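**Student:** run_8.cif is reproduced below (mmCIF, C-alpha atoms).
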data_entry
loop_
_atom_site.label_atom_id
_atom_site.label_comp_id
_atom_site.auth_asym_id
_atom_site.auth_seq_id
_atom_site.Cartn_x
_atom_site.Cartn_y
_atom_site.Cartn_z
CA MET T 1 -21.71 5.94 4.22
CA VAL T 2 -21.13 8.37 1.37
CA PRO T 3 -21.36 12.18 1.44
CA HIS T 4 -24.20 13.61 -0.64
CA LEU T 5 -22.50 15.59 -3.38
CA ILE T 6 -23.50 17.41 -6.53
CA THR T 7 -22.35 15.62 -9.71
CA ALA T 8 -22.18 16.66 -13.34
CA LEU T 9 -24.79 14.21 -14.63
CA THR T 10 -28.43 15.32 -14.75
CA GLY T 11 -31.50 13.84 -16.40
CA PRO T 12 -33.36 10.60 -15.78
CA ILE T 13 -31.49 7.92 -13.90
CA ASN T 14 -30.87 4.62 -15.63
CA GLU T 15 -31.86 1.13 -14.55
CA LEU T 16 -28.48 0.33 -12.96
CA GLU T 17 -28.53 3.49 -10.84
CA GLN T 18 -32.12 2.83 -9.77
CA ARG T 19 -31.24 -0.73 -8.75
CA ILE T 20 -28.34 0.52 -6.60
CA LEU T 21 -30.42 3.29 -4.98
CA ASP T 22 -33.28 0.90 -4.17
CA ALA T 23 -30.84 -1.56 -2.57
CA THR T 24 -29.11 0.98 -0.28
CA PRO T 25 -29.90 -0.83 3.05
CA VAL T 26 -28.78 -4.19 1.61
CA ILE T 27 -25.60 -2.63 0.18
CA GLU T 28 -24.62 -0.86 3.41
CA ARG T 29 -25.13 -4.05 5.44
CA TRP T 30 -23.01 -5.99 2.92
CA PHE T 31 -20.13 -3.50 3.29
CA ARG T 32 -20.47 -3.61 7.09
CA LEU T 33 -20.08 -7.40 7.08
CA GLU T 34 -17.10 -7.21 4.66
CA TRP T 35 -15.23 -4.83 6.97
CA MET T 36 -15.81 -7.16 9.91
CA GLU T 37 -13.71 -9.77 8.07
CA HIS T 38 -11.26 -7.66 6.06
CA THR T 39 -9.04 -4.65 6.82
CA PRO T 40 -9.36 -1.73 4.40
CA PRO T 41 -6.20 0.04 3.20
CA LEU T 42 -5.60 3.16 5.30
CA TYR T 43 -6.43 5.33 2.28
CA CYS T 44 -6.95 5.07 -1.45
CA SER T 45 -8.39 6.82 -4.48
CA VAL T 46 -10.35 5.19 -7.31
CA ASP T 47 -10.79 6.50 -10.87
CA ILE T 48 -14.31 5.69 -12.09
CA ARG T 49 -15.91 5.85 -15.53
CA ASN T 50 -19.67 6.22 -16.00
CA ALA T 51 -20.79 5.16 -19.49
CA GLY T 52 -24.48 5.37 -18.57
CA PHE T 53 -25.02 1.68 -19.27
CA LYS T 54 -21.97 0.77 -17.16
CA LEU T 55 -20.25 2.20 -14.07
CA ALA T 56 -16.81 0.75 -13.29
CA PRO T 57 -13.42 1.50 -11.70
CA VAL T 58 -10.47 1.77 -14.08
CA ASP T 59 -7.65 2.39 -11.57
CA THR T 60 -7.10 2.08 -7.80
CA ASN T 61 -4.26 4.05 -6.20
CA LEU T 62 -3.07 2.98 -2.74
CA TYR T 63 -0.74 6.00 -2.41
CA PRO T 64 -3.10 8.79 -3.43
CA ASP T 65 -1.98 12.36 -3.90
CA GLY T 66 -4.31 15.18 -5.02
CA TRP T 67 -5.78 15.67 -1.54
CA HIS T 68 -5.73 19.44 -2.07
CA ASN T 69 -8.29 18.97 -4.89
CA LEU T 70 -10.98 17.90 -2.41
CA SER T 71 -13.45 20.58 -1.40
CA PRO T 72 -12.61 22.20 2.00
CA GLU T 73 -16.17 21.23 3.04
CA MET T 74 -14.99 17.61 2.96
CA LEU T 75 -12.32 18.11 5.64
CA PRO T 76 -14.50 17.24 8.66
CA LEU T 77 -15.42 13.90 7.03
CA ALA T 78 -11.76 13.15 6.28
CA VAL T 79 -10.74 14.01 9.85
CA GLN T 80 -13.43 11.75 11.34
CA ALA T 81 -12.38 8.87 9.05
CA ALA T 82 -8.71 9.40 9.99
CA GLN T 83 -9.63 9.31 13.68
CA ALA T 84 -11.54 6.04 13.18
CA ALA T 85 -8.55 4.51 11.37
CA ILE T 86 -6.07 5.59 14.08
CA GLU T 87 -8.30 4.26 16.88
CA LYS T 88 -8.22 0.82 15.26
CA ILE T 89 -4.50 0.75 14.47
CA CYS T 90 -2.81 2.49 17.39
CA PRO T 91 -5.24 4.28 19.77
CA GLU T 92 -2.41 5.77 21.86
CA ALA T 93 -0.61 7.14 18.76
CA ARG T 94 0.94 10.57 19.19
CA ASN T 95 3.35 10.97 16.24
CA LEU T 96 2.86 10.21 12.54
CA LEU T 97 5.69 10.18 9.98
CA ILE T 98 4.60 10.66 6.35
CA VAL T 99 7.08 9.35 3.75
CA PRO T 100 6.64 11.35 0.51
CA GLU T 101 7.67 10.55 -3.07
CA ASN T 102 11.36 10.84 -3.94
CA GLY T 103 12.67 13.60 -6.20
CA LYS T 104 11.91 17.30 -6.39
CA PRO T 105 8.25 17.73 -5.43
CA SER T 106 5.94 19.87 -7.59
CA SER T 107 3.90 22.66 -6.01
CA PHE T 108 0.76 20.51 -6.56
CA TYR T 109 2.25 17.56 -4.70
CA LEU T 110 3.38 19.80 -1.83
CA ALA T 111 -0.17 21.19 -1.58
CA SER T 112 -1.48 17.61 -1.38
CA LEU T 113 1.00 16.74 1.40
CA ALA T 114 -0.01 19.89 3.30
CA ARG T 115 -3.68 18.83 3.13
CA LEU T 116 -2.78 15.33 4.39
CA ARG T 117 -0.86 16.92 7.27
CA GLU T 118 -3.89 19.05 8.10
CA ILE T 119 -6.23 16.01 8.13
CA PHE T 120 -4.04 13.94 10.45
CA ARG T 121 -3.09 16.87 12.67
CA MET T 122 -6.80 17.63 13.21
CA ALA T 123 -7.27 13.92 13.96
CA GLY T 124 -4.90 14.36 16.92
CA LEU T 125 -1.39 13.56 15.67
CA ASN T 126 1.90 15.40 15.44
CA VAL T 127 2.81 15.09 11.76
CA ARG T 128 6.25 15.41 10.14
CA PHE T 129 7.66 14.40 6.76
CA GLY T 130 10.57 11.96 6.54
CA SER T 131 12.07 11.54 3.08
CA ILE T 132 13.81 8.30 2.04
CA ASP T 133 15.36 10.03 -0.99
CA PRO T 134 19.17 9.49 -0.77
CA ALA T 135 19.65 12.90 -2.41
CA LEU T 136 18.13 14.71 0.60
CA LYS T 137 20.97 15.16 3.10
CA ARG T 138 19.48 17.83 5.39
CA ALA T 139 16.10 19.35 6.25
CA ALA T 140 14.60 21.50 3.48
CA ALA T 141 11.79 24.03 4.03
CA LEU T 142 9.76 24.17 0.81
CA PRO T 143 7.31 26.99 0.01
CA LEU T 144 3.62 26.09 -0.40
CA PRO T 145 1.27 27.84 -2.88
CA ASP T 146 -0.55 29.56 0.04
CA GLY T 147 2.69 31.11 1.35
CA ASP T 148 3.16 28.58 4.19
CA LYS T 149 6.15 26.17 4.30
CA LEU T 150 6.49 22.39 4.44
CA THR T 151 9.68 20.84 5.83
CA LEU T 152 11.11 17.62 4.40
CA GLU T 153 13.67 15.90 6.65
CA PRO T 154 15.87 12.87 5.90
CA ALA T 155 14.42 9.77 7.59
CA GLN T 156 16.74 7.97 10.06
CA ARG T 157 16.88 4.26 10.87
CA LEU T 158 17.52 3.07 14.44
CA ARG T 159 17.44 -0.73 14.89
CA TYR T 160 13.78 -1.69 14.24
CA ARG T 161 12.40 1.84 14.00
CA VAL T 162 12.40 4.74 11.54
CA GLY T 163 12.04 8.34 12.64
CA LEU T 164 13.59 11.79 12.60
CA LYS T 165 15.89 13.59 14.99
CA ASN T 166 13.92 14.04 18.24
CA PHE T 167 10.79 12.50 16.63
CA ASP T 168 9.80 8.87 17.24
CA PRO T 169 6.56 7.97 15.40
CA CYS T 170 4.18 5.14 16.29
CA THR T 171 2.96 4.90 12.68
CA ILE T 172 4.56 5.54 9.28
CA LEU T 173 2.27 6.55 6.44
CA LEU T 174 3.69 5.88 2.98
CA ASN T 175 2.79 8.38 0.27
CA ASN T 176 5.53 6.92 -1.93
CA ASP T 177 4.53 4.16 -4.38
CA LEU T 178 7.94 2.41 -4.11
CA ALA T 179 8.03 1.81 -7.89
CA ALA T 180 11.81 1.30 -7.72
CA GLY T 181 11.47 -1.33 -4.97
CA ALA T 182 11.32 -1.34 -1.17
CA PRO T 183 14.34 0.47 0.31
CA GLY T 184 16.19 -1.20 3.17
CA ILE T 185 15.35 1.63 5.55
CA LEU T 186 11.69 0.53 5.53
CA GLU T 187 12.24 -3.23 5.83
CA GLU T 188 11.85 -5.25 9.05
CA LEU T 189 10.17 -2.52 11.09
CA HIS T 190 9.02 -4.80 13.91
CA GLU T 191 8.08 -2.03 16.33
CA GLN T 192 6.08 0.38 14.13
CA TYR T 193 3.01 0.29 11.90
CA LEU T 194 3.89 0.81 8.22
CA LEU T 195 0.84 1.75 6.14
CA PRO T 196 0.21 0.70 3.43
CA PRO T 197 2.46 -2.39 3.80
CA LEU T 198 5.51 -2.83 1.54
CA GLN T 199 3.72 -5.35 -0.69
CA ALA T 200 1.36 -2.56 -1.79
CA GLY T 201 4.27 -0.85 -3.65
CA TRP T 202 4.36 -1.02 -7.45
CA SER T 203 7.51 -3.16 -7.40
CA VAL T 204 5.28 -5.96 -6.07
CA ARG T 205 1.68 -4.98 -6.84
CA ARG T 206 0.01 -5.68 -10.21
CA LYS T 207 -3.16 -4.15 -11.67
CA SER T 208 -4.17 -7.55 -13.05
CA ARG T 209 -4.12 -9.00 -9.53
CA HIS T 210 -6.26 -6.12 -8.28
CA PHE T 211 -8.83 -6.58 -11.04
CA GLN T 212 -8.85 -10.33 -10.44
CA CYS T 213 -9.87 -9.56 -6.83
CA TYR T 214 -12.34 -6.92 -8.05
CA GLU T 215 -13.92 -9.45 -10.43
CA GLU T 216 -14.51 -11.78 -7.46
CA VAL T 217 -16.05 -8.91 -5.45
CA SER T 218 -18.25 -7.76 -8.36
CA LYS T 219 -19.63 -11.29 -8.89
CA ARG T 220 -20.71 -11.53 -5.25
CA PHE T 221 -22.09 -8.00 -5.30
CA GLY T 222 -23.90 -8.62 -8.61
CA LYS T 223 -25.54 -11.71 -7.13
CA LEU T 224 -26.63 -9.66 -4.09
CA LEU T 225 -28.33 -7.05 -6.31
CA GLY T 226 -29.48 -9.44 -9.05
CA ILE T 227 -27.47 -7.67 -11.76
CA ASP T 228 -24.96 -8.78 -14.39
CA PRO T 229 -21.51 -8.16 -12.74
CA TRP T 230 -20.25 -6.87 -16.11
CA LEU T 231 -22.25 -3.68 -15.51
CA ILE T 232 -19.81 -2.74 -12.72
CA ASN T 233 -16.70 -4.70 -13.74
CA PRO T 234 -14.20 -3.95 -16.56
CA MET T 235 -13.09 -7.17 -18.30
CA TYR T 236 -9.33 -7.65 -18.65
CA ALA T 237 -6.65 -10.00 -19.95
CA THR T 238 -2.88 -10.34 -19.42
CA CYS T 239 0.10 -11.67 -21.36
CA GLY T 240 2.66 -11.86 -18.57
CA GLU T 241 6.13 -10.61 -19.47
CA ILE T 242 6.26 -9.69 -23.18
CA ASP T 243 8.37 -7.81 -25.71
CA ILE T 244 6.12 -6.36 -28.42
CA HIS T 245 9.07 -6.39 -30.84
CA GLU T 246 9.40 -10.19 -30.51
CA PRO T 247 7.02 -12.34 -32.64
CA SER T 248 5.74 -14.29 -29.61
CA GLY T 249 5.07 -11.09 -27.61
CA GLY T 250 3.21 -9.41 -30.45
CA GLU T 251 1.16 -12.54 -31.12
CA CYS T 252 0.15 -12.92 -27.46
CA LEU T 253 -1.00 -9.30 -27.37
CA ARG T 254 -2.94 -9.59 -30.66
CA THR T 255 -4.64 -12.82 -29.55
CA ASN T 256 -5.74 -11.38 -26.20
CA VAL T 257 -6.88 -8.04 -27.65
CA ASP T 258 -8.89 -9.84 -30.35
CA ALA T 259 -10.51 -12.19 -27.81
CA LEU T 260 -11.42 -9.36 -25.42
CA LEU T 261 -12.88 -7.19 -28.22
CA GLY T 262 -14.95 -10.23 -29.30
CA LYS T 263 -16.36 -10.63 -25.77
CA LEU T 264 -17.19 -6.93 -25.64
CA ARG T 265 -18.96 -6.98 -29.02
CA ARG T 266 -21.19 -9.79 -27.73
CA LYS T 267 -21.95 -7.84 -24.52
CA TYR T 268 -22.72 -4.66 -26.47
CA LYS T 269 -25.05 -6.64 -28.74
CA GLU T 270 -26.74 -8.27 -25.73
CA TYR T 271 -27.51 -4.84 -24.22
CA GLY T 272 -28.26 -3.07 -27.53
CA ILE T 273 -25.34 -0.64 -27.15
CA ASN T 274 -24.59 1.20 -30.40
CA GLU T 275 -20.99 2.12 -29.57
CA LYS T 276 -17.75 0.64 -30.85
CA PRO T 277 -16.04 -1.31 -28.04
CA PHE T 278 -12.38 -0.65 -27.31
CA VAL T 279 -9.66 -1.87 -24.97
CA VAL T 280 -6.81 -0.10 -23.22
CA VAL T 281 -3.27 -1.51 -23.20
CA LYS T 282 -1.16 -0.30 -20.28
CA ALA T 283 1.65 -1.34 -17.96
CA ASP T 284 0.55 -3.88 -15.36
CA HIS T 285 2.33 -1.87 -12.64
CA GLY T 286 2.92 1.80 -11.98
CA THR T 287 0.61 4.77 -11.89
CA ARG T 288 0.16 8.32 -13.21
CA GLY T 289 -1.64 7.13 -16.36
CA MET T 290 1.59 6.81 -18.34
CA GLY T 291 2.16 4.48 -21.30
CA ILE T 292 -1.51 3.94 -22.20
CA MET T 293 -2.87 3.10 -25.65
CA THR T 294 -6.50 2.83 -26.78
CA VAL T 295 -7.12 -0.06 -29.21
CA ARG T 296 -10.38 -0.36 -31.22
CA ASP T 297 -9.09 -2.94 -33.68
CA VAL T 298 -6.25 -5.50 -33.68
CA LYS T 299 -4.74 -3.58 -36.63
CA ASP T 300 -4.07 -0.66 -34.23
CA LEU T 301 -1.39 -2.79 -32.53
CA ALA T 302 0.94 -2.26 -35.49
CA GLN T 303 1.38 1.29 -34.11
CA LEU T 304 2.11 0.13 -30.58
CA GLY T 305 5.90 0.21 -30.62
CA ARG T 306 6.14 3.82 -31.72
CA LYS T 307 2.97 5.33 -30.23
CA LEU T 308 3.33 4.45 -26.56
CA PRO T 309 5.09 7.10 -24.47
CA PRO T 310 7.52 5.99 -21.76
CA GLY T 311 5.96 5.17 -18.42
CA LYS T 312 7.07 6.40 -15.02
CA ASP T 313 10.73 5.73 -14.22
CA ALA T 314 11.39 5.44 -17.99
CA THR T 315 9.86 1.94 -18.27
CA GLN T 316 8.55 1.23 -21.76
CA VAL T 317 5.20 -0.54 -21.87
CA PRO T 318 5.96 -2.55 -25.07
CA ARG T 319 8.59 -4.52 -23.15
CA GLY T 320 7.42 -5.95 -19.83
CA GLU T 321 4.12 -6.84 -18.18
CA VAL T 322 0.97 -5.35 -19.70
CA ILE T 323 -2.71 -5.53 -18.86
CA ILE T 324 -5.36 -5.35 -21.57
CA GLN T 325 -8.39 -3.73 -19.97
CA GLU T 326 -11.89 -3.14 -21.27
CA GLY T 327 -12.28 0.52 -22.17
CA VAL T 328 -15.19 2.25 -20.43
CA LEU T 329 -16.65 5.37 -22.04
CA THR T 330 -17.43 8.42 -19.93
CA ASN T 331 -20.61 10.40 -20.55
CA GLU T 332 -19.91 13.00 -17.86
CA ARG T 333 -19.05 16.60 -18.80
CA ILE T 334 -17.93 19.77 -17.05
CA HIS T 335 -18.46 22.84 -19.29
CA ASP T 336 -18.45 20.61 -22.41
CA ALA T 337 -15.11 19.00 -21.43
CA VAL T 338 -14.93 15.24 -20.87
CA ALA T 339 -14.79 14.35 -17.15
CA GLU T 340 -14.49 11.34 -14.84
CA PRO T 341 -15.06 11.15 -11.08
CA VAL T 342 -12.25 10.23 -8.69
CA VAL T 343 -13.38 8.99 -5.26
CA TYR T 344 -11.18 9.37 -2.14
CA MET T 345 -11.45 7.12 0.90
CA ILE T 346 -9.84 6.92 4.33
CA ASP T 347 -10.34 3.68 6.24
CA ARG T 348 -13.73 2.37 5.04
CA TYR T 349 -15.29 5.80 4.49
CA VAL T 350 -15.73 7.89 1.37
CA VAL T 351 -14.39 11.34 2.28
CA GLY T 352 -15.00 13.19 -0.99
CA GLY T 353 -13.81 13.38 -4.54
CA PHE T 354 -13.38 15.52 -7.60
CA TYR T 355 -13.78 15.45 -11.36
CA ARG T 356 -10.74 14.94 -13.53
CA VAL T 357 -11.47 17.08 -16.59
CA HIS T 358 -9.63 17.19 -19.93
CA ALA T 359 -10.79 19.56 -22.67
CA GLU T 360 -8.66 17.94 -25.41
CA ARG T 361 -9.58 14.29 -24.83
CA GLY T 362 -12.47 12.20 -26.15
CA THR T 363 -15.00 10.06 -24.28
CA ASP T 364 -12.92 6.92 -24.97
CA GLU T 365 -9.50 8.37 -24.02
CA ASN T 366 -7.37 8.41 -20.87
CA LEU T 367 -7.88 11.71 -18.98
CA ASN T 368 -4.94 11.21 -16.61
CA ALA T 369 -2.57 13.14 -18.87
CA PRO T 370 -0.88 16.57 -19.21
CA GLY T 371 -3.58 19.22 -19.58
CA GLU T 372 -5.91 17.65 -17.00
CA ARG T 373 -7.57 19.85 -14.40
CA PHE T 374 -9.62 19.11 -11.30
CA VAL T 375 -13.05 20.32 -10.20
CA PRO T 376 -13.98 19.55 -6.54
CA LEU T 377 -17.34 17.93 -5.85
CA ALA T 378 -19.45 20.25 -3.71
CA PHE T 379 -22.09 19.28 -1.15
CA ALA T 380 -25.61 18.92 -2.51
CA GLY T 381 -28.65 20.66 -1.08
CA GLY T 382 -31.54 18.78 0.53
CA ALA T 383 -33.31 18.40 -2.81
CA GLN T 384 -30.36 16.42 -4.13
CA LEU T 385 -30.42 13.61 -1.56
CA PRO T 386 -31.10 10.11 -2.88
CA ARG T 387 -34.73 9.08 -2.58
CA PRO T 388 -34.94 5.28 -2.87
CA GLY T 389 -38.02 4.24 -4.79
CA ALA T 390 -38.44 7.63 -6.55
CA ARG T 391 -38.52 7.30 -10.33
CA GLY T 392 -37.30 9.43 -13.20
CA GLU T 393 -35.89 12.92 -13.47
CA ALA T 394 -38.02 14.40 -10.68
CA SER T 395 -36.09 12.51 -8.00
CA ALA T 396 -32.79 14.24 -8.98
CA PRO T 397 -30.89 11.51 -7.13
CA ASN T 398 -27.35 11.89 -5.96
CA ARG T 399 -25.23 10.03 -8.49
CA PHE T 400 -22.19 10.28 -6.25
CA TYR T 401 -23.71 7.55 -4.08
CA MET T 402 -23.19 5.14 -6.98
CA CYS T 403 -19.58 6.31 -7.37
CA GLY T 404 -19.07 5.79 -3.63
CA VAL T 405 -20.39 2.24 -3.91
CA ILE T 406 -18.03 1.43 -6.80
CA GLY T 407 -15.10 3.10 -5.00
CA ARG T 408 -15.75 1.02 -1.88
CA LEU T 409 -16.03 -2.19 -3.96
CA ALA T 410 -12.55 -1.40 -5.34
CA MET T 411 -11.36 -0.83 -1.77
CA VAL T 412 -12.72 -4.25 -0.71
CA ALA T 413 -10.82 -5.74 -3.68
CA ALA T 414 -7.64 -3.94 -2.53
CA SER T 415 -8.04 -5.44 0.96
CA TYR T 416 -8.31 -8.93 -0.61
CA GLU T 417 -5.26 -8.15 -2.75
CA LEU T 418 -3.10 -7.07 0.20
CA GLU T 419 -4.16 -10.07 2.29
CA ALA T 420 -3.17 -12.41 -0.56
#
Could you render the structure from this file as structure tokens?
**Tutor:**
Amino acid sequence: MVPHLITALTGPINELEQRILDATPVIERWFRLEWMEHTPPLYCSVDIRNAGFKLAPVDTNLYPDGWHNLSPEMLPLAVQAAQAAIEKICPEARNLLIVPENGKPSSFYLASLARLREIFRMAGLNVRFGSIDPALKRAAALPLPDGDKLTLEPAQRLRYRVGLKNFDPCTILLNNDLAAGAPGILEELHEQYLLPPLQAGWSVRRKSRHFQCYEEVSKRFGKLLGIDPWLINPMYATCGEIDIHEPSGGECLRTNVDALLGKLRRKYKEYGINEKPFVVVKADHGTRGMGIMTVRDVKDLAQLGRKLPPGKDATQVPRGEVIIQEGVLTNERIHDAVAEPVVYMIDRYVVGGFYRVHAERGTDENLNAPGERFVPLAFAGGAQLPRPGARGEASAPNRFYMCGVIGRLAMVAASYELEA
């Protein structure tokens, strides 16, 4: 289930939200049956956009950081979910090795790692951090914002196992997206659980594949609820490997952008939406919101070569694999700043979330950018609980339930993706 949390949106609920609230028992049973057949990723976070007329995921991260942005009130839920996950994977587990990102960690990332350590330690595991960064030759004690310390140690390989000196873990938890490829030290670990698996790394994974799986999930879910799947699913298109500076690459991009904008105009007309549709062009792999461009008209693509910033690991989006994704507006605000909810899950459970807020961005722009800040979602009082069947503003329903449903749909899609 989903924690009942206060969200930024107030006012009457729309038809989509009412349909989801009314179908709560059906929805929860559907998820229960899905998890009987499919294994959820150990953890993930999902960026969601709520346009009012549409509620959809725009990104799913299988190596989530930002755990320190969750409200401390959420910790018991996270610990329970971690315990449930461990019981399924390795009930007798004693030691957990967390593999962090390479490079010099920021204070924010260290705070996130410390929160992860706290969650799994309270779930009954000894937790240490083993770095696979070749630059780390010896243990380093790094200061945390709260004055505590976090020790990074170089991971060691011994036949079919990875561990640390005097520390042999049953399970290895990756918090490193492996964008540069899977290092040899993590390959062929026949005696340990590696979560998420290597094929979840960005050197293998593609956003287009994830949204292909999500489209399949949303169609089945839409049929269950009797709604148009488009209301919860962002349309997308791909060009494969392209170079925007080559005539064929530019033409492929223009053709796909034009076709997708045409589909969106027809959908907006069908639903009487008086907004201008837009698409987002971004790298088909990688994370951190880098190298993203909003396109409202095919003519905007003339700017593409010089407007796109470099992505993570200095990969340029104009040359390589791109995904063209339907842009979803956000109508959520925190103190007049544009906001979007981010939902965090461990195993099959929603364990909290926060708002990503950006004061200098518009409702149709990417908020995952320098200048963003985070506002934890707090627990709601009794008056805020969802009341299926209640109508209008008086019911003050909990909109986070809807976000939790969309987040879990993205998690089901991720389980399909990893199985494939």
**Student:** Go through T:Ala180, T:Ile346, T:Val279, T:Cys213 one by one, measure the shortest atom-to-atom distance of each to Asp133 in chain T using only C-alpha atoms, and give the residue with the smallest value.
**Tutor:** T:Ala180
**Student:** Using only C-alpha atoms, pick whichever of T:Ser208, T:Asn256, T:Thr151, T:Ser45 has the shortest atom-to-atom distance to Cys403 in chain T.
**Tutor:**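 Going through T:Ser208, T:Asn256, T:Thr151, T:Ser45 one by one, the smallest distance to Cys403 in chain T is for T:Ser45.
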**Student:** Tell me, in Å to one decimal, how far CA of Val322 in chain T is from CA of Ile292 in chain T.
**Tutor:** 9.9 Å
**Student:** What lies within 12 Å of range 410-414 of chain T using all atoms listed in the file, ignoring chain neighbours under 6 positions off, as a ChimeraX atom specification?
**Tutor:** /T:30-48,56-62,196,199-200,205-221,232-234,343-350,403-404,420
**Student:** With the PyMOL selection byres ((chain T and resi 364) around 8) as the selection, what would be picked from this file? Answer as a list in words, please.
**Tutor:**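 Evaluating the PyMOL selection byres ((chain T and resi 364) around 8) on this file yields Phe278, Thr294, Gly327, Val328, Leu329, Thr330, Gly362, Thr363, Glu365 and Asn366 of chain T.
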**Student:** Please measure the separation of CA of Ile27 in chain T and CA of Glu87 in chain T, giving the value in Å to one decimal.
**Tutor:** 25.0 Å
**Student:** Using only C-alpha atoms for the distances, tell me which of T:Glu275, T:Ala111, T:Glu101, T:Val127 is nearest to Asn69 in chain T.
**Tutor:** T:Ala111
**Student:** Nearest to Asn176 in chain T among T:Gly371, T:Pro341, T:Gln325, T:Leu194, with distances taken over only C-alpha atoms: which residue is it?
**Tutor:**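 Using only C-alpha atoms, Asn176 in chain T sits closest to T:Leu194.
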**Student:** Please report the interatomic distance between CA of Lys282 in chain T and CA of Ile324 in chain T in Å with one decimal.
**Tutor:**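 Between CA of Lys282 in chain T and CA of Ile324 in chain T the gap is 6.7 Å.
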**Student:** Nearest residue to Leu142 in chain T out of T:Arg266, T:Arg117, T:Lys104, T:Lys88, using all atoms listed in the file?
**Tutor:** T:Lys104
**Student:** Let me know the residues the PyMOL selection byres ((chain T and resi 109) around 10) catches in the file above, as a ChimeraX atom specification.
**Tutor:** /T:65-68,100-101,104-108,110-115,144
**Student:** Step by step, work through what the PyMOL selection byres ((chain T and resi 355) around 8) selects in the shown file, and finish by giving those residues as a JSON list (two decimals) with C-alpha atoms, in the coordinates of the input.
**Tutor:**
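out.json written:
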[["chain", "number", "residue", "atom", "x", "y", "z"],
["T", 339, "ALA", "CA", -14.79, 14.35, -17.15],
["T", 340, "GLU", "CA", -14.49, 11.34, -14.84],
["T", 341, "PRO", "CA", -15.06, 11.15, -11.08],
["T", 342, "VAL", "CA", -12.25, 10.23, -8.69],
["T", 353, "GLY", "CA", -13.81, 13.38, -4.54],
["T", 354, "PHE", "CA", -13.38, 15.52, -7.60],
["T", 356, "ARG", "CA", -10.74, 14.94, -13.53],
["T", 357, "VAL", "CA", -11.47, 17.08, -16.59],
["T", 374, "PHE", "CA", -9.62, 19.11, -11.30],
["T", 375, "VAL", "CA", -13.05, 20.32, -10.20],
["T", 376, "PRO", "CA", -13.98, 19.55, -6.54],
["T", 377, "LEU", "CA", -17.34, 17.93, -5.85]]
**Student:** Counting only C-alpha atoms, figure out which residue out of T:Ala51, T:Ile86, T:Leu150, T:Leu173 gets nearest to Pro64 in chain T.
**Tutor:**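 For Pro64 in chain T, the nearest of the given residues is T:Leu173.
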**Student:** Report, as lines of an AutoDock Vina configuration file, the centre and edge lengths in Å (one decimal) of the axis-aligned box enclosing every listed atom of range 59-74 of chain T, padded by 8 Å on each side.
**Tutor:**
center_x = -8.5
center_y = 12.1
center_z = -4.3
size_x = 31.4
size_y = 36.1
size_z = 30.6
**Student:** Applying 12 Å and all atoms listed in the file, which residues near Arg159 in chain T remain after dropping the ones on its own chain fewer than 2 positions away? List them as a ChimeraX atom specification.
**Tutor:** /T:156-157,161-163,184-192
**Student:** Give me, as a list in words, all polymer residues having an atom no more than 7 Å from Ile98 in chain T, counting all atoms listed in the file and skipping those fewer than 6 positions away in the same chain.
**Tutor:**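 In the requested form, the answer reads Arg128, Phe129, Gly130, Ile172, Leu173, Leu174 and Asn175 of chain T.
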